[in-house]
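Have a look at my_file.pdb below; it lists PDB, C-alpha atoms.
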MODEL        1
ATOM      1  CA  MET J   1     -30.987  31.072  40.543
ATOM      2  CA  GLY J   2     -31.137  32.569  37.032
ATOM      3  CA  LYS J   3     -32.920  35.767  36.082
ATOM      4  CA  THR J   4     -36.229  35.390  34.228
ATOM      5  CA  PRO J   5     -35.780  36.278  30.541
ATOM      6  CA  LEU J   6     -37.242  39.647  29.604
ATOM      7  CA  MET J   7     -39.965  40.083  27.009
ATOM      8  CA  HIS J   8     -38.475  42.681  24.704
ATOM      9  CA  HIS J   9     -40.279  43.056  21.404
ATOM     10  CA  GLY J  10     -39.401  43.987  17.865
ATOM     11  CA  ILE J  11     -42.738  45.457  16.769
ATOM     12  CA  HIS J  12     -42.508  48.480  14.454
ATOM     13  CA  LEU J  13     -45.707  50.170  13.225
ATOM     14  CA  ARG J  14     -45.924  53.118  10.840
ATOM     15  CA  ARG J  15     -48.436  55.342   9.121
ATOM     16  CA  GLY J  16     -47.321  58.521   7.376
ATOM     17  CA  ASP J  17     -44.753  60.274   9.551
ATOM     18  CA  ILE J  18     -45.887  58.492  12.773
ATOM     19  CA  THR J  19     -43.782  55.523  13.895
ATOM     20  CA  LEU J  20     -44.162  53.254  16.902
ATOM     21  CA  ARG J  21     -41.027  51.339  17.770
ATOM     22  CA  PRO J  22     -39.680  49.538  20.831
ATOM     23  CA  LEU J  23     -39.080  51.961  23.700
ATOM     24  CA  ARG J  24     -35.436  52.202  24.795
ATOM     25  CA  ARG J  25     -33.767  53.394  27.982
ATOM     26  CA  GLU J  26     -31.936  55.952  25.841
ATOM     27  CA  ASP J  27     -35.305  57.642  25.143
ATOM     28  CA  ALA J  28     -35.386  58.973  28.717
ATOM     29  CA  PRO J  29     -33.952  62.483  28.116
ATOM     30  CA  ALA J  30     -36.225  63.127  25.120
ATOM     31  CA  LEU J  31     -39.295  61.850  26.974
ATOM     32  CA  ARG J  32     -38.432  63.806  30.117
ATOM     33  CA  ALA J  33     -38.109  66.965  27.988
ATOM     34  CA  ILE J  34     -41.648  66.698  26.572
ATOM     35  CA  VAL J  35     -43.655  65.859  29.700
ATOM     36  CA  ASP J  36     -44.891  68.052  32.524
ATOM     37  CA  GLU J  37     -46.812  67.502  35.766
ATOM     38  CA  GLU J  38     -50.227  68.171  34.197
ATOM     39  CA  GLY J  39     -49.677  65.782  31.295
ATOM     40  CA  TRP J  40     -48.250  63.134  33.636
ATOM     41  CA  ALA J  41     -51.113  63.425  36.152
ATOM     42  CA  GLY J  42     -52.920  60.272  34.996
ATOM     43  CA  MET J  43     -49.902  58.011  35.519
ATOM     44  CA  SER J  44     -49.544  55.619  38.459
ATOM     45  CA  GLN J  45     -46.359  57.132  39.883
ATOM     46  CA  PRO J  46     -44.900  60.625  40.230
ATOM     47  CA  LEU J  47     -43.156  62.283  37.289
ATOM     48  CA  PRO J  48     -39.503  61.216  37.339
ATOM     49  CA  ALA J  49     -37.417  64.157  38.568
ATOM     50  CA  ASP J  50     -34.525  63.854  36.111
ATOM     51  CA  ASP J  51     -33.245  61.886  33.127
ATOM     52  CA  GLU J  52     -31.782  59.066  35.249
ATOM     53  CA  ALA J  53     -35.045  58.628  37.152
ATOM     54  CA  MET J  54     -36.928  58.616  33.830
ATOM     55  CA  ALA J  55     -34.513  55.968  32.493
ATOM     56  CA  ALA J  56     -35.171  53.823  35.582
ATOM     57  CA  HIS J  57     -38.916  54.281  35.034
ATOM     58  CA  LEU J  58     -38.598  53.262  31.375
ATOM     59  CA  ASP J  59     -36.633  50.179  32.459
ATOM     60  CA  THR J  60     -39.652  49.040  34.491
ATOM     61  CA  LEU J  61     -41.853  49.283  31.384
ATOM     62  CA  ILE J  62     -39.348  47.763  28.969
ATOM     63  CA  ASP J  63     -38.377  44.908  31.287
ATOM     64  CA  HIS J  64     -41.884  44.072  32.503
ATOM     65  CA  PRO J  65     -42.635  40.525  31.361
ATOM     66  CA  ALA J  66     -46.254  41.320  30.416
ATOM     67  CA  MET J  67     -45.764  44.630  28.565
ATOM     68  CA  PHE J  68     -44.768  45.757  25.106
ATOM     69  CA  ALA J  69     -43.537  49.348  25.488
ATOM     70  CA  PHE J  70     -43.487  51.664  22.449
ATOM     71  CA  ALA J  71     -41.830  54.978  21.701
ATOM     72  CA  VAL J  72     -43.942  57.254  19.501
ATOM     73  CA  GLU J  73     -42.081  59.326  16.919
ATOM     74  CA  GLN J  74     -43.277  61.926  14.453
ATOM     75  CA  GLY J  75     -40.871  62.681  11.651
ATOM     76  CA  GLY J  76     -38.128  60.873  13.589
ATOM     77  CA  GLU J  77     -38.610  62.962  16.759
ATOM     78  CA  LEU J  78     -39.791  61.307  19.983
ATOM     79  CA  ILE J  79     -43.183  62.734  20.950
ATOM     80  CA  GLY J  80     -44.544  60.143  23.376
ATOM     81  CA  ARG J  81     -44.948  56.565  24.460
ATOM     82  CA  SER J  82     -47.638  53.899  24.813
ATOM     83  CA  VAL J  83     -47.809  50.327  26.093
ATOM     84  CA  TYR J  84     -49.567  47.042  25.423
ATOM     85  CA  SER J  85     -50.242  45.256  28.720
ATOM     86  CA  GLU J  86     -52.390  42.462  30.140
ATOM     87  CA  HIS J  87     -51.933  40.486  26.900
ATOM     88  CA  VAL J  88     -53.701  37.133  26.914
ATOM     89  CA  PRO J  89     -53.004  35.529  23.498
ATOM     90  CA  GLY J  90     -56.136  35.143  21.405
ATOM     91  CA  VAL J  91     -58.246  36.889  24.057
ATOM     92  CA  ARG J  92     -57.293  40.458  25.008
ATOM     93  CA  VAL J  93     -54.755  43.219  25.377
ATOM     94  CA  ASP J  94     -54.859  46.609  27.108
ATOM     95  CA  ILE J  95     -53.447  49.809  25.638
ATOM     96  CA  GLY J  96     -52.346  52.423  28.127
ATOM     97  CA  ASN J  97     -49.531  54.241  29.865
ATOM     98  CA  THR J  98     -49.831  56.687  26.984
ATOM     99  CA  ILE J  99     -48.365  60.146  27.119
ATOM    100  CA  TYR J 100     -47.687  62.655  24.358
ATOM    101  CA  ALA J 101     -45.961  65.998  24.069
ATOM    102  CA  ARG J 102     -48.443  68.778  24.723
ATOM    103  CA  SER J 103     -47.685  70.185  21.243
ATOM    104  CA  VAL J 104     -49.428  67.199  19.584
ATOM    105  CA  TRP J 105     -52.536  67.049  21.806
ATOM    106  CA  GLY J 106     -55.771  67.211  19.807
ATOM    107  CA  GLY J 107     -54.118  66.453  16.459
ATOM    108  CA  VAL J 108     -53.559  63.327  14.376
ATOM    109  CA  VAL J 109     -51.029  61.620  16.670
ATOM    110  CA  ASN J 110     -53.407  59.877  19.075
ATOM    111  CA  PRO J 111     -55.875  58.610  16.445
ATOM    112  CA  THR J 112     -52.939  57.434  14.294
ATOM    113  CA  CYS J 113     -51.285  55.605  17.181
ATOM    114  CA  LYS J 114     -54.540  53.990  18.232
ATOM    115  CA  LEU J 115     -55.293  52.963  14.632
ATOM    116  CA  LEU J 116     -51.875  51.276  14.499
ATOM    117  CA  LEU J 117     -51.999  49.671  17.948
ATOM    118  CA  ILE J 118     -55.621  48.516  17.842
ATOM    119  CA  GLY J 119     -55.213  47.269  14.273
ATOM    120  CA  HIS J 120     -52.093  45.307  15.196
ATOM    121  CA  ALA J 121     -53.857  43.854  18.241
ATOM    122  CA  PHE J 122     -56.821  42.553  16.241
ATOM    123  CA  GLU J 123     -55.096  41.723  12.959
ATOM    124  CA  GLU J 124     -51.696  40.418  14.110
ATOM    125  CA  LEU J 125     -52.058  39.442  17.780
ATOM    126  CA  GLY J 126     -55.505  37.961  17.052
ATOM    127  CA  VAL J 127     -57.179  39.226  20.213
ATOM    128  CA  GLN J 128     -60.941  39.519  20.598
ATOM    129  CA  ARG J 129     -60.892  42.534  22.927
ATOM    130  CA  VAL J 130     -58.797  45.688  23.257
ATOM    131  CA  ALA J 131     -59.228  47.640  26.481
ATOM    132  CA  LEU J 132     -58.233  51.232  27.186
ATOM    133  CA  ARG J 133     -58.315  52.962  30.547
ATOM    134  CA  CYS J 134     -57.611  56.277  32.183
ATOM    135  CA  ASP J 135     -57.695  57.941  35.575
ATOM    136  CA  HIS J 136     -61.308  58.955  36.247
ATOM    137  CA  ARG J 137     -60.154  62.542  36.950
ATOM    138  CA  ASN J 138     -58.470  62.800  33.541
ATOM    139  CA  THR J 139     -61.429  64.118  31.559
ATOM    140  CA  ARG J 140     -59.218  64.959  28.566
ATOM    141  CA  SER J 141     -58.144  61.312  28.208
ATOM    142  CA  HIS J 142     -61.678  60.074  28.879
ATOM    143  CA  ARG J 143     -63.002  62.205  25.985
ATOM    144  CA  ALA J 144     -60.135  61.146  23.699
ATOM    145  CA  ILE J 145     -60.758  57.439  24.334
ATOM    146  CA  ALA J 146     -64.512  57.803  23.835
ATOM    147  CA  ARG J 147     -63.862  59.693  20.588
ATOM    148  CA  LEU J 148     -61.882  56.695  19.305
ATOM    149  CA  GLY J 149     -65.144  54.742  19.253
ATOM    150  CA  ALA J 150     -64.428  52.621  22.344
ATOM    151  CA  ARG J 151     -67.360  51.715  24.581
ATOM    152  CA  TYR J 152     -67.271  53.011  28.162
ATOM    153  CA  GLU J 153     -67.707  50.035  30.511
ATOM    154  CA  GLY J 154     -67.557  51.737  33.886
ATOM    155  CA  THR J 155     -65.300  52.979  36.634
ATOM    156  CA  LEU J 156     -63.320  50.701  38.933
ATOM    157  CA  ARG J 157     -62.944  52.453  42.263
ATOM    158  CA  SER J 158     -59.617  52.806  44.126
ATOM    159  CA  LEU J 159     -57.955  50.483  41.601
ATOM    160  CA  ARG J 160     -54.350  51.663  41.577
ATOM    161  CA  PRO J 161     -51.961  54.243  42.991
ATOM    162  CA  ALA J 162     -51.957  57.634  41.286
ATOM    163  CA  ALA J 163     -49.031  59.995  40.695
ATOM    164  CA  ASP J 164     -50.315  62.262  43.486
ATOM    165  CA  GLY J 165     -50.177  59.445  46.068
ATOM    166  CA  THR J 166     -53.938  58.800  46.198
ATOM    167  CA  LEU J 167     -55.752  55.688  45.037
ATOM    168  CA  ALA J 168     -57.231  56.369  41.620
ATOM    169  CA  ASP J 169     -60.593  55.381  40.238
ATOM    170  CA  ILE J 170     -60.033  54.081  36.690
ATOM    171  CA  ASP J 171     -62.429  54.422  33.743
ATOM    172  CA  TYR J 172     -62.487  51.356  31.481
ATOM    173  CA  PHE J 173     -63.353  51.239  27.780
ATOM    174  CA  SER J 174     -63.217  48.419  25.250
ATOM    175  CA  ILE J 175     -63.431  47.585  21.581
ATOM    176  CA  LEU J 176     -64.411  44.058  20.508
ATOM    177  CA  ALA J 177     -63.186  42.383  17.328
ATOM    178  CA  GLU J 178     -66.584  42.677  15.641
ATOM    179  CA  GLU J 179     -66.588  46.434  16.391
ATOM    180  CA  TRP J 180     -63.129  46.988  14.914
ATOM    181  CA  PRO J 181     -64.250  47.648  11.282
ATOM    182  CA  ARG J 182     -66.542  50.492  12.469
ATOM    183  CA  VAL J 183     -63.884  51.903  14.817
ATOM    184  CA  ARG J 184     -61.190  51.624  12.122
ATOM    185  CA  ALA J 185     -63.379  53.493   9.616
ATOM    186  CA  GLY J 186     -63.988  56.256  12.164
ATOM    187  CA  LEU J 187     -60.283  56.615  12.908
ATOM    188  CA  GLU J 188     -59.311  56.586   9.225
ATOM    189  CA  ALA J 189     -61.898  59.305   8.541
ATOM    190  CA  ARG J 190     -60.093  61.548  11.075
ATOM    191  CA  LEU J 191     -56.705  61.155   9.379
ATOM    192  CA  PRO J 192     -55.177  62.474   6.174
ATOM    193  CA  SER J 193     -54.994  59.878   3.388
TER
ENDMDL
END

For the file at hand, write its structure as structure tokens.
Amino acid sequence: MGKTPLMHHGIHLRRGDITLRPLRREDAPALRAIVDEEGWAGMSQPLPADDEAMAAHLDTLIDHPAMFAFAVEQGGELIGRSVYSEHVPGVRVDIGNTIYARSVWGGVVNPTCKLLLIGHAFEELGVQRVALRCDHRNTRSHRAIARLGARYEGTLRSLRPAADGTLADIDYFSILAEEWPRVRAGLEARLPS
């Protein structure tokens, strides 16, 4: 029996010195070097212990048939990753599994990445809904998503495993296609021209 073909993508998005490109297994050492337990806390599995474990983790994202995994670079240096998932053509896509180096928290990286990813979802993928989610305990991510202009829809209880071994409640947010012009304007206002 043959192996199911994998859904690798060739999407490259750029604004200023921020680039999103396909995530690669070879990104594991750089990603492992920028993450720590606190920053990883909202993920669904424990922080990989070493570069090989991180590479195996990245393989699960890259090879997942329903995900588009991105590396985030600033000035050519890897500073994070994000993922499209749950894509239903013409209907919806989720953005998540996002993690950035602590050194870029609170700056232009997250709004730039979300401007690129949400814009691509509405303008190129043609979806009508973009969803974002975070662990209910991750108040930093909750605030960051709300600040993007996404609407909080509620909390789904005990939805998925958390990195600490518990079942996590997950906060859901969304942006609809008709809301995108307002959200885009808000994101662009936060970024240098």

Q: Find, counting only C-alpha atoms, the residue in J:Glu52, J:Glu188, J:Asp63, J:Glu38 that gets nearest to Leu116 of chain J.
A: J:Glu188

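You can rank J:Val35, J:Ala49, J:Leu115, J:Ile95 by their closest distance to Leu78 of chain J using all atoms listed in the file, and at the top of that list sits J:Val35.
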
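Nearest to Ile62 of chain J of all the residues J:Ala41, J:Leu23, J:Leu176, J:Leu13 is J:Leu23, counting all atoms listed in the file.
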
Q) Got a sec to check which residues sit within 10 Å of (-35.8, 62.3, 28.7), counting all atoms listed in the file, and write them as a VMD selection string? A) chain J and resid 25 to 35 48 50 to 55 58 78

(Q) Residue by residue, what does the PyMOL selection byres ((chain J and resi 163) around 7) grab here? Present the result as JSON, numbers by chain. (A) {"J": [41, 42, 43, 44, 45, 46, 161, 162, 164, 165]}

Q.
With all atoms listed in the file as the counted atoms, please give the residues lying no more than 9 Å from segment 102-105 of chain J, apart from itself and same-chain residues fewer than 4 positions off, as a PyMOL selection string.
A. chain J and resi 34-36+39+79+109-110

The PyMOL selection byres ((chain J and resi 157) around 12) applied to the shown file, residues as an mmCIF file with C-alpha atoms, in the frame of the given file:
data_model
loop_
_atom_site.group_PDB
_atom_site.id
_atom_site.type_symbol
_atom_site.label_atom_id
_atom_site.label_comp_id
_atom_site.auth_asym_id
_atom_site.auth_seq_id
_atom_site.Cartn_x
_atom_site.Cartn_y
_atom_site.Cartn_z
ATOM 1 C CA ASP J 135 -57.695 57.941 35.575
ATOM 2 C CA HIS J 136 -61.308 58.955 36.247
ATOM 3 C CA ARG J 137 -60.154 62.542 36.950
ATOM 4 C CA GLY J 154 -67.557 51.737 33.886
ATOM 5 C CA THR J 155 -65.300 52.979 36.634
ATOM 6 C CA LEU J 156 -63.320 50.701 38.933
ATOM 7 C CA SER J 158 -59.617 52.806 44.126
ATOM 8 C CA LEU J 159 -57.955 50.483 41.601
ATOM 9 C CA ARG J 160 -54.350 51.663 41.577
ATOM 10 C CA PRO J 161 -51.961 54.243 42.991
ATOM 11 C CA THR J 166 -53.938 58.800 46.198
ATOM 12 C CA LEU J 167 -55.752 55.688 45.037
ATOM 13 C CA ALA J 168 -57.231 56.369 41.620
ATOM 14 C CA ASP J 169 -60.593 55.381 40.238
ATOM 15 C CA ILE J 170 -60.033 54.081 36.690
ATOM 16 C CA ASP J 171 -62.429 54.422 33.743
ATOM 17 C CA TYR J 172 -62.487 51.356 31.481
#

Can you sort out segment 167-191 of chain J so it carries N, CA and C atoms, written as an mmCIF file, in the coordinates of the input?
data_model
loop_
_atom_site.group_PDB
_atom_site.id
_atom_site.type_symbol
_atom_site.label_atom_id
_atom_site.label_comp_id
_atom_site.auth_asym_id
_atom_site.auth_seq_id
_atom_site.Cartn_x
_atom_site.Cartn_y
_atom_site.Cartn_z
ATOM 1 N N LEU J 167 -55.309 56.848 45.798
ATOM 2 C CA LEU J 167 -55.752 55.688 45.037
ATOM 3 C C LEU J 167 -56.715 56.191 43.974
ATOM 4 N N ALA J 168 -56.447 55.844 42.738
ATOM 5 C CA ALA J 168 -57.231 56.369 41.620
ATOM 6 C C ALA J 168 -58.372 55.449 41.236
ATOM 7 N N ASP J 169 -59.508 56.067 40.919
ATOM 8 C CA ASP J 169 -60.593 55.381 40.238
ATOM 9 C C ASP J 169 -60.225 55.357 38.756
ATOM 10 N N ILE J 170 -60.457 54.235 38.081
ATOM 11 C CA ILE J 170 -60.033 54.081 36.690
ATOM 12 C C ILE J 170 -61.241 53.807 35.806
ATOM 13 N N ASP J 171 -61.376 54.605 34.743
ATOM 14 C CA ASP J 171 -62.429 54.422 33.743
ATOM 15 C C ASP J 171 -61.960 53.400 32.711
ATOM 16 N N TYR J 172 -62.806 52.408 32.443
ATOM 17 C CA TYR J 172 -62.487 51.356 31.481
ATOM 18 C C TYR J 172 -63.341 51.482 30.233
ATOM 19 N N PHE J 173 -62.715 51.236 29.093
ATOM 20 C CA PHE J 173 -63.353 51.239 27.780
ATOM 21 C C PHE J 173 -62.894 49.978 27.050
ATOM 22 N N SER J 174 -63.663 49.556 26.053
ATOM 23 C CA SER J 174 -63.217 48.419 25.250
ATOM 24 C C SER J 174 -63.719 48.533 23.822
ATOM 25 N N ILE J 175 -63.034 47.790 22.976
ATOM 26 C CA ILE J 175 -63.431 47.585 21.581
ATOM 27 C C ILE J 175 -63.341 46.082 21.355
ATOM 28 N N LEU J 176 -64.406 45.484 20.820
ATOM 29 C CA LEU J 176 -64.411 44.058 20.508
ATOM 30 C C LEU J 176 -64.068 43.858 19.034
ATOM 31 N N ALA J 177 -63.619 42.669 18.703
ATOM 32 C CA ALA J 177 -63.186 42.383 17.328
ATOM 33 C C ALA J 177 -64.261 42.718 16.309
ATOM 34 N N GLU J 178 -65.516 42.406 16.615
ATOM 35 C CA GLU J 178 -66.584 42.677 15.641
ATOM 36 C C GLU J 178 -66.865 44.173 15.506
ATOM 37 N N GLU J 179 -66.417 44.973 16.453
ATOM 38 C CA GLU J 179 -66.588 46.434 16.391
ATOM 39 C C GLU J 179 -65.432 47.120 15.669
ATOM 40 N N TRP J 180 -64.325 46.395 15.479
ATOM 41 C CA TRP J 180 -63.129 46.988 14.914
ATOM 42 C C TRP J 180 -63.360 47.609 13.532
ATOM 43 N N PRO J 181 -64.079 46.983 12.583
ATOM 44 C CA PRO J 181 -64.250 47.648 11.282
ATOM 45 C C PRO J 181 -64.890 49.037 11.402
ATOM 46 N N ARG J 182 -65.898 49.187 12.268
ATOM 47 C CA ARG J 182 -66.542 50.492 12.469
ATOM 48 C C ARG J 182 -65.566 51.487 13.115
ATOM 49 N N VAL J 183 -64.839 51.033 14.130
ATOM 50 C CA VAL J 183 -63.884 51.903 14.817
ATOM 51 C C VAL J 183 -62.757 52.306 13.861
ATOM 52 N N ARG J 184 -62.256 51.334 13.093
ATOM 53 C CA ARG J 184 -61.190 51.624 12.122
ATOM 54 C C ARG J 184 -61.648 52.669 11.115
ATOM 55 N N ALA J 185 -62.857 52.526 10.595
ATOM 56 C CA ALA J 185 -63.379 53.493 9.616
ATOM 57 C C ALA J 185 -63.469 54.888 10.239
ATOM 58 N N GLY J 186 -63.901 54.962 11.488
ATOM 59 C CA GLY J 186 -63.988 56.256 12.164
ATOM 60 C C GLY J 186 -62.623 56.891 12.361
ATOM 61 N N LEU J 187 -61.632 56.088 12.731
ATOM 62 C CA LEU J 187 -60.283 56.615 12.908
ATOM 63 C C LEU J 187 -59.691 57.050 11.578
ATOM 64 N N GLU J 188 -59.859 56.235 10.543
ATOM 65 C CA GLU J 188 -59.311 56.586 9.225
ATOM 66 C C GLU J 188 -59.940 57.871 8.688
ATOM 67 N N ALA J 189 -61.225 58.082 8.992
ATOM 68 C CA ALA J 189 -61.898 59.305 8.541
ATOM 69 C C ALA J 189 -61.315 60.561 9.196
ATOM 70 N N ARG J 190 -60.690 60.403 10.354
ATOM 71 C CA ARG J 190 -60.093 61.548 11.075
ATOM 72 C C ARG J 190 -58.676 61.867 10.603
ATOM 73 N N LEU J 191 -58.109 61.016 9.748
ATOM 74 C CA LEU J 191 -56.705 61.155 9.379
ATOM 75 C C LEU J 191 -56.547 61.505 7.909
#
